[in-house]
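Novice: My questions all concern the structure below.
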Amino acid sequence: MPSLHHSSPSIKTLSDTQMTMVITHHLPIFSTCFVLSLLSTALSTHLYSGVEDTQGISNDWFPEILRVEAVARLTELGKVSDADGYLERTYLSPASIRAGSLIRGWMEEAGLRTWVDQMGNIHGRVEGMNASSKALLIGSHLDTVIDAGMFDGALGIISALSAMKVLNVNGQLGKLKRPVEMIAFCDEEGVRFQSTFLGSAALAGVLPVSALQIQDKSGVTLQNLLKGNYIEISEESFFQLKYNPESVWGYIEVHIEQGPVLESVGLPLGVVKGIAGQTRLKVTVRGSQGHAGTVPMSMRQDPMAAAAELIVLLESLCKHPDDFLSYDGHCKGVTAESLAGSLTIFTVDIRAMDNMGREAVIYELSNRMHQICDRRSVSCIIERKHDANAVACDTGLSSQLKSAAYTAMTRMAGEVSDDVPVLMSGAGHDAMAMSHLTKVGMLFVRCRGGISHSPAEHVSDDDVWAAGLAILSFLETQL
């Protein structure tokens with residue numbers, strides 16, 4: 001049976017603010033990324049190890065459904081792709097339609113009433129004992145990035161679906177005290193239309209009707225794409241997609257961590273305290289070309305050298321914010337995208353749970369960037385391309401998810417001496433959009449090496465099982 005046990009050394013404490021830097025260099029393009037992970041608790045280091053077969057596992061915890069079948073379904077979804085040799089499943093592509101059909105069939109097998117809405121989201125619902133009560137929504141996304149892993153998004157769908165199936169098999173599905181609705185969101189990654197959260201934002205009422213006219217790279221509008229898939233939508237019916245906030249009790253989501261923290265502390269599950277706010281800046285540095293032998297160094301206007309100094313400034317600001325700011329600020333990353341001739345452009349991606357801290361970093365960074373460019377006699381244009389405020393997860397839902405995660409780990413391991421980690425999410429999720437509709441909570445699942453958006457993305461069979469058990473434990477509180 002899987003177990004949780006101490007590793008050596010016995011105790012390792014993680015600081016409240018942890019910074020990791022990853023640098024990749026592909027001439028002539030440099031890419032630099034600084035990733036910030038905030039932990040609200042100090043965690044001791046342990047190793048969770050489990051067998052990769054079901055021999056000796058108690059049937060009380062439904063390994064056939066939550067582990068064996070769940071892993072098989074994740075593997076099956078991972079093969080549903082628009083590309084040969086790698087996973088690609090973008091919004092309403094042929095593979096996306098096939099994946100949606102699979103998921104809808106599995107929902108019906110679990111005893112749920114299903115439908116597809118006018119954005120292409122797949123829904124499965126059970127009314128429980130009181131159909132007029134506010135509904136619990138559980139969701140994640142079925143789309144992927146290009147050359148994706150098979151767990152991002154899909155794990156959240158399959159974990160919830162498996163838990164619902166267990167309730168159905170046990171005759172408890174109809175005993176839920178409130179309606180429970182699963183949603184497989186059609187588009188979270190935003191690959192096709194370069195606009196994230198299309199599915200969840202429509203239900204939350206924060207997607208503008210003008211989104212129907214955005215175009216993909218082939219010039220196909222969102223509205224025409226829907227029409228081509230036999231989904232008729234008008235501006236009038238678009239507004240009917242929004243859920244009434246009075247009809248919704250809350251939203252929860254299971255997702256791979258996409259980071260290394262859970263693996264570092266040796267635990268399969270963690271509770272998300274919030275999703276970082278994000279600001280993206282486009283920085284253009286313009287200078288002039290000159291002869292290498294005839295222009296004195298003091299008179300040169302080299303945008304490449306200026307951009308390099310700006311990037312080092314950003315690195316220093318992220319690593320040592322107290323040296324720059326009067327209060328703490330946090331930064332996610334910077335990427336130099338184009339380095340050529342007399343023009344250098346790079347983008348800055350700043351993320352933090354504290355919106356004021358993020359603004360403080362942007363203010364200080366902008367001022368110092370302009371000072372450096374003035375000193376180097378080059379121009380500097382800083383454009384603000386994207387803003388999203390941080391989202392705090394509901395404390396009540398988080399407490400319930402934390403208890404459910406602890407119950408799941410205890411069921412699997414017998415005794416767990418560690419508290420469930422509480423993490424921040426540096427990546428965006430459908431829960432960000434759904435927070436405009438209702439209270440939200442999230443559960444993270446360990447992924448090997450913290451790798452995501454890659455074929456190397458991996459979640460162990462036991463951790464898939466743990467995720468399903470946690471959702472089952474949460475749903476049992478709704479009986």
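Here, A, B, ... name the chains of the structure tokens in the order displayed, residue numbers run from 1 inside each chain, and ligands are numbered from 1 in the same displayed order.
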Write down as a ChimeraX atom specification the residues of segment 205-350 of chain A whose backbone DSSP state falls under strand (DSSP E).

Specialist: /A:248-256,269-275,277-286,333-340,343-350

Novice: Enter the distance from atom CA of Glu188 of chain A to atom CA of Gly100 of chain A, in Å, rounded to one decimal.

Specialist: 14.3 Å

Novice: I'd like the contact shell of Ser140 of chain A - 7 Å cut-off, only C-alpha atoms, skipping same-chain residues fewer than 3 positions apart - returned as number ranges by chain.

Specialist: A: 153, 156-157, 183-185, 253, 430

Novice: Applying 8 Å and only C-alpha atoms, which residues near segment 227-231 of chain A remain after dropping the ones on its own chain fewer than 4 positions away? List them as a PyMOL selection string.

Specialist: chain A and resi 92+118-120+223

Novice: Pick out the closest residue to Glu181 of chain A from this set: A:Asp302, A:Asp143, A:Asp463, A:Glu127. Count only C-alpha atoms.

Specialist: A:Glu127

Novice: Please, which residues of segment 186-384 of chain A, numbered as in this document, come out helix (DSSP H, G or I) from DSSP, as an NGL selection string?

Specialist: :A and (198-204 or 209-213 or 222-228 or 235-241 or 245-247 or 261-265 or 297-299 or 303-319 or 321-323 or 355-375)

Novice: Give me, as an NGL selection string, all polymer residues having an atom no more than 9 Å from segment 165-168 of chain A, counting only C-alpha atoms and skipping those fewer than 4 positions away in the same chain.

Specialist: :A and (62 or 65-66 or 106-107 or 109-111 or 160-161 or 172-174 or 472 or 475-476)

Novice: Using Å and a single decimal, report how far atom CA of Ile345 of chain A sits from atom CA of Glu189 of chain A.

Specialist: 24.2 Å

Novice: Out of A:Ile158, A:Gly139, A:Thr395, A:Arg113, which residue has the shortest atom-to-atom distance to Val71 of chain A when counting only C-alpha atoms?

Specialist: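 Answer, going by the shortest atom-to-atom distance: A:Ile158.
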
Novice: Write out as a PyMOL selection string which residues come within 12 Å of Tyr86 of chain A when counting only C-alpha atoms, dropping same-chain ones fewer than 4 positions away.

Specialist: chain A and resi 78-82+144-150+453-456

Novice: So what do you get for atom CA of Cys393 of chain A versus atom CA of Val440 of chain A, distance-wise?

Specialist: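 For atom CA of Cys393 of chain A relative to atom CA of Val440 of chain A, the distance reads 5.4 Å.
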